[in-house]
>>> print(open('target-v1.tsv').read())   # TSV, C-alpha atoms
chain	number	residue	atom	x	y	z
A	684	MET	CA	19.85	8.19	29.10
A	685	SER	CA	22.75	6.03	30.09
A	686	HIS	CA	26.51	6.16	30.51
A	687	GLY	CA	27.04	6.35	26.75
A	688	ARG	CA	29.07	3.16	26.42
A	689	GLN	CA	26.17	0.74	26.19
A	690	GLY	CA	25.53	-1.18	23.02
A	691	ILE	CA	22.27	-1.13	21.13
A	692	SER	CA	20.77	-3.93	19.10
A	693	TRP	CA	19.70	-2.67	15.72
A	694	ILE	CA	18.44	-3.77	12.33
A	695	HIS	CA	18.44	-1.98	8.99
A	696	ILE	CA	15.00	-0.92	7.80
A	697	ASN	CA	15.39	-2.81	4.49
A	698	ASP	CA	16.24	-6.02	6.33
A	699	MET	CA	13.24	-5.49	8.60
A	700	SER	CA	10.96	-5.06	5.58
A	701	ARG	CA	12.37	-8.19	3.99
A	702	LEU	CA	11.81	-10.08	7.21
A	703	ILE	CA	8.15	-9.05	7.31
A	704	THR	CA	7.71	-10.09	3.67
A	705	ARG	CA	9.35	-13.42	4.41
A	706	ALA	CA	7.16	-13.98	7.47
A	707	ILE	CA	4.10	-13.50	5.26
A	708	ALA	CA	5.29	-15.63	2.36
A	709	ASN	CA	7.10	-18.46	4.13
A	710	ASP	CA	4.62	-20.96	5.58
A	711	ALA	CA	7.38	-22.60	7.58
A	712	MET	CA	7.84	-19.51	9.77
A	713	GLU	CA	5.96	-19.75	13.03
A	714	GLY	CA	6.50	-18.42	16.54
A	715	ALA	CA	8.77	-15.69	17.84
A	716	TYR	CA	11.87	-14.41	16.06
A	717	LYS	CA	14.36	-11.87	17.28
A	718	ALA	CA	14.91	-9.31	14.52
A	719	THR	CA	18.39	-7.90	14.92
A	720	ALA	CA	21.60	-7.59	12.94
A	721	ALA	CA	23.90	-10.59	13.22
A	722	ALA	CA	26.24	-10.94	16.19
A	723	GLU	CA	29.07	-11.53	13.74
A	724	HIS	CA	28.63	-8.11	12.23
A	725	ARG	CA	28.52	-6.58	15.68
A	726	ARG	CA	31.89	-8.16	16.47
A	727	TYR	CA	33.39	-6.53	13.36
A	728	VAL	CA	32.08	-3.18	14.49
A	729	GLU	CA	33.47	-3.70	17.99
A	730	ARG	CA	36.90	-4.63	16.67
A	731	ARG	CA	36.86	-1.68	14.29
A	732	GLU	CA	36.01	0.68	17.15
A	733	ALA	CA	38.60	-0.86	19.46
A	734	LEU	CA	41.32	-0.42	16.86
A	735	TRP	CA	40.20	3.14	16.16
A	736	GLN	CA	40.46	3.92	19.85
A	737	GLU	CA	43.90	2.36	19.99
A	738	LEU	CA	45.06	4.54	17.12
A	739	VAL	CA	43.47	7.78	18.24
A	740	PRO	CA	44.96	9.40	21.35
A	741	ALA	CA	42.58	9.68	24.29
A	742	PRO	CA	40.09	11.19	24.89
A	743	ALA	CA	39.08	11.30	21.23
A	744	ASP	CA	36.74	8.32	21.50
A	745	LEU	CA	33.81	10.54	20.60
A	746	GLY	CA	32.56	10.46	17.05
A	747	ILE	CA	34.10	7.21	15.90
A	748	ASP	CA	34.04	7.09	12.12
A	749	PHE	CA	32.26	3.79	11.47
A	750	PHE	CA	33.59	3.78	7.94
A	751	TRP	CA	37.28	4.39	8.47
A	752	ALA	CA	38.01	0.90	7.18
A	753	ARG	CA	35.74	-0.66	4.63
A	754	LEU	CA	35.71	-2.98	1.68
A	755	LEU	CA	33.60	-1.70	-1.19
A	756	PRO	CA	31.22	-2.56	-2.72
A	757	TYR	CA	29.72	-3.92	0.49
A	758	GLN	CA	27.19	-6.03	-1.35
A	759	SER	CA	27.75	-7.32	-4.85
A	760	ARG	CA	26.65	-10.00	-7.27
A	761	LEU	CA	28.98	-11.88	-9.59
A	762	GLN	CA	28.51	-14.73	-12.03
A	763	PRO	CA	30.52	-17.95	-11.70
A	764	GLY	CA	33.88	-17.39	-13.43
A	765	ALA	CA	33.58	-13.61	-13.27
A	766	ASP	CA	35.97	-11.01	-11.85
A	767	GLY	CA	34.98	-8.16	-9.59
A	768	ASP	CA	36.95	-5.05	-8.67
A	769	PHE	CA	36.94	-4.08	-5.02
A	770	ILE	CA	38.60	-1.29	-3.09
A	771	LEU	CA	39.67	-1.21	0.51
A	772	GLU	CA	39.21	2.28	1.94
A	773	LEU	CA	41.32	3.22	4.92
A	774	ARG	CA	41.80	6.34	6.96
A	775	ASN	CA	44.69	6.80	9.36
A	776	PRO	CA	43.18	8.35	12.50
A	777	SER	CA	46.44	8.31	14.45
A	778	ASP	CA	49.05	11.04	14.91
A	779	ALA	CA	51.82	9.06	13.23
A	780	PRO	CA	52.35	7.60	9.76
A	781	THR	CA	50.99	4.05	9.90
A	782	THR	CA	51.37	1.06	7.60
A	783	PHE	CA	48.17	-0.90	7.20
A	784	THR	CA	48.49	-4.46	5.91
A	785	ALA	CA	45.26	-6.17	4.96
A	786	ARG	CA	44.56	-9.81	4.12
A	787	LEU	CA	41.34	-10.78	2.48
A	788	ALA	CA	39.79	-14.16	3.18
A	789	CYS	CA	36.75	-15.66	1.54
A	790	THR	CA	35.02	-18.97	0.93
A	791	THR	CA	36.69	-21.47	-1.39
A	792	ALA	CA	34.50	-20.28	-4.26
A	793	VAL	CA	36.40	-16.98	-4.41
A	794	THR	CA	40.07	-16.09	-4.80
A	795	VAL	CA	41.63	-12.67	-4.22
A	796	GLU	CA	44.43	-11.03	-6.18
A	797	PRO	CA	46.62	-9.82	-4.51
A	798	GLU	CA	46.17	-11.72	-1.25
A	799	THR	CA	47.87	-9.04	0.83
A	800	LEU	CA	47.27	-5.33	0.45
A	801	SER	CA	49.56	-2.78	2.00
A	802	ILE	CA	49.41	0.98	2.29
A	803	THR	CA	51.21	3.57	4.40
A	804	LEU	CA	49.13	6.59	5.31
A	805	GLU	CA	50.17	9.92	6.77
A	806	PRO	CA	48.17	11.09	9.83
A	807	GLY	CA	44.57	11.87	8.99
A	808	ILE	CA	44.86	10.76	5.38
A	809	LYS	CA	42.25	8.59	3.71
A	810	ASP	CA	43.10	6.49	0.68
A	811	SER	CA	42.18	3.22	-0.95
A	812	VAL	CA	43.87	0.15	-2.40
A	813	ALA	CA	42.39	-1.95	-5.16
A	814	CYS	CA	42.07	-5.69	-5.43
A	815	ARG	CA	40.29	-8.13	-7.69
A	816	LEU	CA	38.10	-11.05	-6.71
A	817	ARG	CA	37.62	-14.02	-8.97
A	818	VAL	CA	34.72	-16.41	-8.61
A	819	ALA	CA	35.53	-20.04	-9.48
A	820	ASP	CA	33.93	-21.39	-12.65
A	821	ASP	CA	32.27	-24.18	-10.70
A	822	ALA	CA	31.16	-21.97	-7.81
A	823	PRO	CA	27.69	-22.98	-6.65
A	824	ASP	CA	25.05	-20.74	-8.15
A	825	ASP	CA	22.88	-19.84	-5.19
A	826	PRO	CA	21.25	-16.39	-5.02
A	827	ARG	CA	20.27	-16.98	-1.38
A	828	ARG	CA	23.81	-17.59	-0.15
A	829	ARG	CA	25.99	-14.63	0.80
A	830	HIS	CA	29.71	-15.30	0.72
A	831	LEU	CA	31.49	-13.41	3.46
A	832	ILE	CA	34.73	-11.70	2.49
A	833	THR	CA	36.65	-10.71	5.61
A	834	VAL	CA	39.50	-8.23	5.88
A	835	SER	CA	42.07	-8.76	8.64
A	836	ILE	CA	44.20	-5.71	9.29
A	837	ASP	CA	47.65	-5.26	10.82
A	838	THR	CA	48.92	-1.82	11.81
A	839	ASP	CA	52.73	-1.54	11.64
A	840	GLY	CA	52.92	-5.33	11.86
A	841	LYS	CA	50.55	-5.67	14.83
A	842	PRO	CA	47.60	-7.95	14.02
A	843	HIS	CA	44.08	-6.92	14.97
A	844	GLY	CA	42.00	-9.66	13.35
A	845	PRO	CA	39.01	-9.19	11.04
A	846	ILE	CA	38.06	-5.53	11.02
A	847	THR	CA	35.66	-5.24	8.14
A	848	GLU	CA	33.83	-7.36	5.61
A	849	ALA	CA	31.78	-7.46	2.42
A	850	LEU	CA	29.12	-9.77	1.10
A	851	LEU	CA	29.06	-11.45	-2.29
A	852	VAL	CA	26.29	-13.38	-3.99
A	853	VAL	CA	27.19	-15.80	-6.78
A	854	GLU	CA	24.40	-15.93	-9.31
A	855	SER	CA	24.46	-16.84	-13.00
A	856	ALA	CA	21.93	-14.26	-14.10
A	857	PRO	CA	22.36	-11.17	-11.92
A	858	GLY	CA	19.51	-8.77	-11.90
B	62	MET	CA	-4.46	-1.31	3.03
B	63	ARG	CA	-2.92	0.73	5.77
B	64	LEU	CA	-4.57	1.54	9.08
B	65	SER	CA	-3.29	4.28	11.31
B	66	ARG	CA	-4.52	7.00	13.59
B	67	HIS	CA	-3.25	9.75	11.31
B	68	VAL	CA	-3.09	10.13	7.54
B	69	PRO	CA	0.54	9.34	6.60
B	70	GLU	CA	2.68	12.19	5.32
B	71	VAL	CA	4.10	10.19	2.46
B	72	ARG	CA	2.11	8.79	-0.43
B	73	GLY	CA	2.52	5.23	-1.56
B	74	PRO	CA	0.88	2.30	-3.29
B	75	TRP	CA	-1.64	1.79	-0.51
B	76	GLU	CA	-5.07	2.84	0.58
B	77	HIS	CA	-5.32	4.45	3.96
B	78	VAL	CA	-8.01	4.07	6.59
B	79	VAL	CA	-8.13	5.92	9.90
B	80	TRP	CA	-8.82	3.94	13.06
B	81	ASP	CA	-8.41	4.78	16.73
B	82	GLY	CA	-6.18	1.78	17.44
B	83	ARG	CA	-8.54	0.79	20.23
B	84	THR	CA	-12.05	-0.06	19.14
B	85	VAL	CA	-13.66	-2.22	16.50
B	86	GLY	CA	-15.11	0.09	13.88
B	87	ASP	CA	-15.83	0.58	10.23
B	88	TRP	CA	-12.24	-0.35	9.36
B	89	THR	CA	-12.89	-4.04	10.06
B	90	LYS	CA	-14.44	-4.57	6.61
B	91	HIS	CA	-10.97	-4.20	5.11
B	92	LEU	CA	-9.78	-7.33	6.93
B	93	LYS	CA	-11.94	-9.42	4.61
B	94	GLY	CA	-9.81	-11.01	1.90
B	95	ALA	CA	-6.54	-9.55	3.18
B	96	ALA	CA	-3.51	-11.71	2.29
B	97	ALA	CA	-1.93	-11.07	5.67
B	98	VAL	CA	-2.24	-8.94	8.78
B	99	VAL	CA	0.89	-7.06	9.88
B	100	ASN	CA	0.50	-5.15	13.13
B	101	LEU	CA	3.11	-2.50	13.84
B	102	SER	CA	0.94	-0.13	15.85
B	103	GLY	CA	1.95	1.43	19.12
B	104	ARG	CA	2.67	4.88	20.40
B	105	THR	CA	6.22	6.08	19.75
B	106	VAL	CA	8.70	5.36	22.54
B	107	ASP	CA	10.69	8.42	21.48
B	108	SER	CA	9.47	10.59	24.35
B	109	ILE	CA	10.25	11.47	27.95
B	110	LYS	CA	9.23	8.52	30.10
B	111	THR	CA	6.56	10.22	32.18
B	112	SER	CA	4.02	7.87	33.74
B	113	ASP	CA	1.37	9.10	31.25
B	114	HIS	CA	3.63	8.32	28.32
B	115	CYS	CA	4.51	4.89	29.72
B	116	ASP	CA	0.82	4.16	30.13
B	117	GLU	CA	0.14	5.20	26.53
B	118	ILE	CA	3.09	3.14	25.29
B	119	LEU	CA	1.64	0.05	26.98
B	120	ARG	CA	-2.03	0.57	26.21
B	121	SER	CA	-1.62	1.60	22.57
B	122	ARG	CA	0.14	-1.70	21.85
B	123	VAL	CA	-2.08	-4.02	23.86
B	124	GLU	CA	-5.37	-2.39	22.88
B	125	ALA	CA	-4.56	-2.19	19.17
B	126	THR	CA	-3.62	-5.88	19.15
B	127	LEU	CA	-6.77	-6.89	21.01
B	128	ALA	CA	-8.93	-4.74	18.71
B	129	ILE	CA	-7.56	-6.46	15.62
B	130	GLY	CA	-8.18	-9.85	17.25
B	131	LYS	CA	-11.73	-8.90	18.10
B	132	ALA	CA	-12.36	-7.65	14.57
B	133	LEU	CA	-10.94	-10.85	13.09
B	134	ARG	CA	-13.50	-12.94	15.04
B	135	ASP	CA	-16.19	-11.43	12.85
B	136	VAL	CA	-14.39	-12.24	9.61
B	137	LYS	CA	-15.58	-15.51	8.09
B	138	LYS	CA	-12.25	-16.49	6.59
B	139	PRO	CA	-9.40	-14.59	8.24
B	140	SER	CA	-6.06	-14.13	6.44
B	141	PRO	CA	-3.71	-17.12	6.66
B	142	VAL	CA	-1.07	-15.23	8.65
B	143	TRP	CA	-0.75	-12.50	11.27
B	144	VAL	CA	2.72	-11.02	11.59
B	145	GLN	CA	3.04	-9.23	14.92
B	146	ILE	CA	5.91	-6.85	15.58
B	147	THR	CA	7.04	-6.62	19.19
B	148	THR	CA	10.37	-5.68	20.73
B	149	ALA	CA	13.80	-7.26	21.17
B	150	HIS	CA	13.95	-5.10	24.28
B	151	ILE	CA	11.74	-7.80	25.88
B	152	TYR	CA	15.07	-9.36	26.92
B	153	GLY	CA	15.88	-6.26	28.95
B	154	ASP	CA	19.35	-4.72	29.05
B	155	PRO	CA	21.75	-7.53	29.99
B	156	PRO	CA	25.24	-5.99	29.92
B	157	ASP	CA	27.21	-9.05	28.80
B	158	VAL	CA	24.72	-11.54	27.44
B	159	VAL	CA	23.94	-12.06	23.78
B	160	CYS	CA	20.25	-12.98	23.69
B	161	ASP	CA	18.48	-15.31	21.34
B	162	GLU	CA	14.84	-16.30	21.02
B	163	ASP	CA	15.00	-18.60	24.06
B	164	SER	CA	16.70	-16.15	26.42
B	165	ALA	CA	14.93	-15.09	29.59
B	166	PHE	CA	12.88	-11.91	29.44
B	167	GLY	CA	14.26	-8.90	31.27
B	168	TYR	CA	13.14	-6.37	33.83
B	169	GLY	CA	11.87	-2.84	33.28
B	170	LEU	CA	9.39	-0.90	31.17
B	171	ALA	CA	10.20	-2.45	27.81
B	172	PRO	CA	10.13	-6.08	28.99
B	173	ILE	CA	6.82	-5.47	30.81
B	174	VAL	CA	5.34	-3.85	27.71
B	175	GLY	CA	6.78	-6.57	25.47
B	176	LYS	CA	5.32	-9.36	27.58
B	177	ALA	CA	1.89	-7.72	27.79
B	178	TRP	CA	2.01	-7.14	24.02
B	179	GLU	CA	2.81	-10.77	23.23
B	180	GLU	CA	0.19	-12.00	25.71
B	181	ALA	CA	-2.38	-9.77	24.01
B	182	TYR	CA	-1.32	-11.20	20.67
B	183	SER	CA	-1.65	-14.81	21.78
B	184	LYS	CA	-5.10	-14.00	23.17
B	185	ALA	CA	-6.16	-12.08	20.07
B	186	VAL	CA	-4.93	-14.25	17.24
B	187	PRO	CA	-7.54	-16.67	15.83
B	188	PRO	CA	-6.23	-20.26	16.00
B	189	SER	CA	-6.61	-20.72	12.25
B	190	MET	CA	-3.98	-18.06	11.52
B	191	ARG	CA	-0.26	-18.76	11.29
B	192	GLN	CA	1.43	-16.83	14.08
B	193	VAL	CA	4.70	-14.98	13.60
B	194	ILE	CA	6.16	-12.61	16.18
B	195	LEU	CA	9.10	-10.46	15.09
B	196	ARG	CA	10.88	-9.04	18.14
B	197	THR	CA	12.56	-6.16	16.43
B	198	SER	CA	15.52	-4.18	17.67
B	199	PHE	CA	16.27	-0.54	16.83
B	200	VAL	CA	15.27	-0.04	13.19
B	201	LEU	CA	17.77	2.16	11.38
B	202	GLY	CA	17.59	3.59	7.88
B	203	LYS	CA	19.37	6.42	6.14
B	204	ASN	CA	16.27	8.61	6.01
B	205	SER	CA	13.84	6.85	8.30
B	206	GLY	CA	13.62	5.00	11.57
B	207	ALA	CA	15.78	6.14	14.46
B	208	PHE	CA	18.95	6.96	12.53
B	209	PRO	CA	18.33	10.58	11.43
B	210	LYS	CA	17.77	11.65	15.05
B	211	MET	CA	20.90	9.87	16.27
B	212	LYS	CA	22.87	11.47	13.47
B	213	MET	CA	21.70	14.87	14.59
B	214	LEU	CA	23.35	14.27	17.98
B	215	CYS	CA	26.76	13.37	16.56
B	216	PRO	CA	29.42	15.59	15.03
B	217	ALA	CA	29.66	15.05	11.30
B	218	ARG	CA	33.28	14.04	11.58
B	219	PRO	CA	35.65	13.14	14.40
B	220	ARG	CA	37.10	16.38	15.67
B	221	ARG	CA	40.04	17.08	17.87
B	222	SER	CA	39.99	20.21	19.92
B	223	ARG	CA	43.72	20.77	20.27
B	224	GLU	CA	45.01	20.89	16.74
B	225	PRO	CA	43.57	21.87	13.37
B	226	ARG	CA	42.22	19.04	11.26
B	227	PRO	CA	44.83	17.74	8.81
B	228	ALA	CA	44.18	17.98	5.11
B	229	GLY	CA	42.14	15.12	3.71
B	230	TYR	CA	40.52	14.33	7.00
>>> encode(input="target-v1.tsv", output="structure tokens")
Amino acid sequence: MSHGRQGISWIHINDMSRLITRAIANDAMEGAYKATAAAEHRRYVERREALWQELVPAPADLGIDFFWARLLPYQSRLQPGADGDFILELRNPSDAPTTFTARLACTTAVTVEPETLSITLEPGIKDSVACRLRVADDAPDDPRRRHLITVSIDTDGKPHGPITEALLVVESAPG
Amino acid sequence: MRLSRHVPEVRGPWEHVVWDGRTVGDWTKHLKGAAAVVNLSGRTVDSIKTSDHCDEILRSRVEATLAIGKALRDVKKPSPVWVQITTAHIYGDPPDVVCDEDSAFGYGLAPIVGKAWEEAYSKAVPPSMRQVILRTSFVLGKNSGAFPKMKMLCPARPRRSREPRPAGY
């Protein structure tokens, strides 16, 4: 047991299985590898928790809802030139009505419509806003590359930086 | 082919062989012609850290690894690769440092076990085999790994004691 504020390194079981398969199949892999979720993802989670704690009056830092802000679908595949519908789910954990303004940013291969999403939520209310992603016609077709779509969130005009993210694979023949 | 000390509860597309995780036995014949060796064995760390448990945690990992190595010496043509799972906890519990593969190892039970485990592996693995060590962190899955137990400890939803939960929460 510890003080309860320590972090833990973790990895999803599916990623672990894929890593084992890759270690078997890929002759270039040799030596020791640390198998843990990316530091980048951890920073999103930390920011998301920090913002949650800022919004929720103390001492309600128990039982943080990891999914109070998320872009869905988290993982998707689109063909070059295709459109994809996404929703940003938000819950207002604070005691006051709050306006959330979200900006989506992605790699140059993807454009977002609209660029800024805005929603005002009453205390405790969860809702979602829709947006559409368009993959450029000449986007590189690479099933191994995952395009990161980040969502920066402001609450009542105060910026908090990237809070959540989704991953997109551009592939001509999904399946 | 799956080796373990107990018959697994779930069925799957594998054959199962019981071994003691310690000695070279009848199971070694299954190493012949295997495409790869993946060693995940070791007593669960999900227990109270009594000295007996700590001893079992250490020995079950080291001895299982050495037993596989010993068995592989008797195989004419061992598999091309041995994937060995160890622990990311080998780096200890540094409060502020983000560790990578080259970071210094830490201090405590897990780093001691991790080092002994990797030493056993380097002793055990035949030189002809490609060597991959995966230092895994906490493995989480919706229905497996450590997540279901952690979930059990947490309230299903954030709850505030003072006021009733608003609609839609």
>>> residues_near_point(input="target-v1.tsv", point="(20.0, -10.4, 19.9)", cutoff="6 Å", atoms="only C-alpha atoms", output="list of chain:residue names")
A:Thr719, B:Val159, B:Cys160, B:Asp161
>>> write_last_selection(input="target-v1.tsv", atoms="C-alpha atoms", output="PDB file, in the coordinates of the input")
ATOM      1  CA  THR A 719      18.390  -7.900  14.920  1.00  0.00           C
TER       2      THR A 719
ATOM      3  CA  VAL B 159      23.940 -12.060  23.780  1.00  0.00           C
ATOM      4  CA  CYS B 160      20.250 -12.980  23.690  1.00  0.00           C
ATOM      5  CA  ASP B 161      18.480 -15.310  21.340  1.00  0.00           C
TER       6      ASP B 161
END
>>> closest_residue(input="target-v1.tsv", among="B:Ile109, B:Met190, B:Ile151, B:Ala97", to="chain A", atoms="all atoms listed in the file")
B:Ala97
>>> closest_residue(input="target-v1.tsv", among="B:Lys138, B:Arg72, B:Arg122, B:Arg104", to="Pro188 in chain B", atoms="all atoms listed in the file")
B:Lys138
>>> closest_residue(input="target-v1.tsv", among="B:Thr84, B:Leu195, B:Asp157, B:Ile118", to="Ala715 in chain A", atoms="all atoms listed in the file")
B:Leu195
>>> atom_distance(input="target-v1.tsv", atom1="CA of Thr197 in chain B", atom2="CA of Asn709 in chain A")
18.2 Å
>>> residues_around(input="target-v1.tsv", residues="range 101-103 of chain B", least_positions_apart="3", cutoff="10 Å", atoms="all atoms listed in the file", output="ChimeraX atom specification")
/B:64-66,82,98,106,117-126,144-147,178
>>> write_last_selection(input="target-v1.tsv", atoms="C-alpha atoms", output="PDB file, keeping the file's coordinate frame")
ATOM      1  CA  LEU B  64      -4.570   1.540   9.080  1.00  0.00           C
ATOM      2  CA  SER B  65      -3.290   4.280  11.310  1.00  0.00           C
ATOM      3  CA  ARG B  66      -4.520   7.000  13.590  1.00  0.00           C
ATOM      4  CA  GLY B  82      -6.180   1.780  17.440  1.00  0.00           C
ATOM      5  CA  VAL B  98      -2.240  -8.940   8.780  1.00  0.00           C
ATOM      6  CA  VAL B 106       8.700   5.360  22.540  1.00  0.00           C
ATOM      7  CA  GLU B 117       0.140   5.200  26.530  1.00  0.00           C
ATOM      8  CA  ILE B 118       3.090   3.140  25.290  1.00  0.00           C
ATOM      9  CA  LEU B 119       1.640   0.050  26.980  1.00  0.00           C
ATOM     10  CA  ARG B 120      -2.030   0.570  26.210  1.00  0.00           C
ATOM     11  CA  SER B 121      -1.620   1.600  22.570  1.00  0.00           C
ATOM     12  CA  ARG B 122       0.140  -1.700  21.850  1.00  0.00           C
ATOM     13  CA  VAL B 123      -2.080  -4.020  23.860  1.00  0.00           C
ATOM     14  CA  GLU B 124      -5.370  -2.390  22.880  1.00  0.00           C
ATOM     15  CA  ALA B 125      -4.560  -2.190  19.170  1.00  0.00           C
ATOM     16  CA  THR B 126      -3.620  -5.880  19.150  1.00  0.00           C
ATOM     17  CA  VAL B 144       2.720 -11.020  11.590  1.00  0.00           C
ATOM     18  CA  GLN B 145       3.040  -9.230  14.920  1.00  0.00           C
ATOM     19  CA  ILE B 146       5.910  -6.850  15.580  1.00  0.00           C
ATOM     20  CA  THR B 147       7.040  -6.620  19.190  1.00  0.00           C
ATOM     21  CA  TRP B 178       2.010  -7.140  24.020  1.00  0.00           C
TER      22      TRP B 178
END
>>> atom_distance(input="target-v1.tsv", atom1="CA of Trp75 in chain B", atom2="CA of Leu133 in chain B")
20.8 Å
>>> atom_distance(input="target-v1.tsv", atom1="CA of Val85 in chain B", atom2="CA of Ser140 in chain B")
17.3 Å
>>> residues_around(input="target-v1.tsv", residues="Ala813 in chain A", least_positions_apart="6", cutoff="8 Å", atoms="only C-alpha atoms", output="VMD selection string")
chain A and resid 768 to 771
>>> write_last_selection(input="target-v1.tsv", atoms="C-alpha atoms", output="PDB file, in the frame of the given file")
ATOM      1  CA  ASP A 768      36.950  -5.050  -8.670  1.00  0.00           C
ATOM      2  CA  PHE A 769      36.940  -4.080  -5.020  1.00  0.00           C
ATOM      3  CA  ILE A 770      38.600  -1.290  -3.090  1.00  0.00           C
ATOM      4  CA  LEU A 771      39.670  -1.210   0.510  1.00  0.00           C
TER       5      LEU A 771
END
>>> interface_residues(input="target-v1.tsv", of="chain A", to="chain B", cutoff="6 Å", atoms="all atoms listed in the file", output="PyMOL selection string")
chain A and resi 692-696+713-719+746+807-808
>>> build_atoms(input="target-v1.tsv", residues="range 144-161 of chain B", atoms="N, CA and C atoms", output="tab-separated table (two decimals), keeping the file's coordinate frame")
chain	number	residue	atom	x	y	z
B	144	VAL	N	1.36	-11.32	11.18
B	144	VAL	CA	2.72	-11.02	11.59
B	144	VAL	C	2.65	-9.89	12.62
B	145	GLN	N	3.11	-10.20	13.83
B	145	GLN	CA	3.04	-9.23	14.92
B	145	GLN	C	4.45	-8.73	15.25
B	146	ILE	N	4.62	-7.42	15.20
B	146	ILE	CA	5.91	-6.85	15.58
B	146	ILE	C	5.89	-6.57	17.08
B	147	THR	N	6.89	-7.05	17.79
B	147	THR	CA	7.04	-6.62	19.19
B	147	THR	C	8.48	-6.12	19.36
B	148	THR	N	9.08	-6.32	20.50
B	148	THR	CA	10.37	-5.68	20.73
B	148	THR	C	11.45	-6.65	21.22
B	149	ALA	N	12.66	-6.48	20.68
B	149	ALA	CA	13.80	-7.26	21.17
B	149	ALA	C	14.21	-6.79	22.56
B	150	HIS	N	13.68	-5.63	22.95
B	150	HIS	CA	13.95	-5.10	24.28
B	150	HIS	C	13.23	-5.92	25.36
B	151	ILE	N	12.41	-6.90	24.93
B	151	ILE	CA	11.74	-7.80	25.88
B	151	ILE	C	12.77	-8.56	26.71
B	152	TYR	N	14.00	-8.68	26.18
B	152	TYR	CA	15.07	-9.36	26.92
B	152	TYR	C	15.76	-8.43	27.91
B	153	GLY	N	15.30	-7.20	28.00
B	153	GLY	CA	15.88	-6.26	28.95
B	153	GLY	C	17.20	-5.70	28.48
B	154	ASP	N	18.05	-5.31	29.39
B	154	ASP	CA	19.35	-4.72	29.05
B	154	ASP	C	20.50	-5.50	29.68
B	155	PRO	N	20.64	-6.80	29.37
B	155	PRO	CA	21.75	-7.53	29.99
B	155	PRO	C	23.08	-7.00	29.47
B	156	PRO	N	24.01	-6.63	30.38
B	156	PRO	CA	25.24	-5.99	29.92
B	156	PRO	C	26.15	-6.91	29.10
B	157	ASP	N	26.21	-8.19	29.44
B	157	ASP	CA	27.21	-9.05	28.80
B	157	ASP	C	26.62	-10.22	28.03
B	158	VAL	N	25.31	-10.34	28.02
B	158	VAL	CA	24.72	-11.54	27.44
B	158	VAL	C	24.23	-11.24	26.03
B	159	VAL	N	24.52	-12.15	25.11
B	159	VAL	CA	23.94	-12.06	23.78
B	159	VAL	C	22.68	-12.92	23.80
B	160	CYS	N	21.53	-12.28	23.54
B	160	CYS	CA	20.25	-12.98	23.69
B	160	CYS	C	19.83	-13.63	22.38
B	161	ASP	N	19.17	-14.76	22.50
B	161	ASP	CA	18.48	-15.31	21.34
B	161	ASP	C	17.01	-15.53	21.71
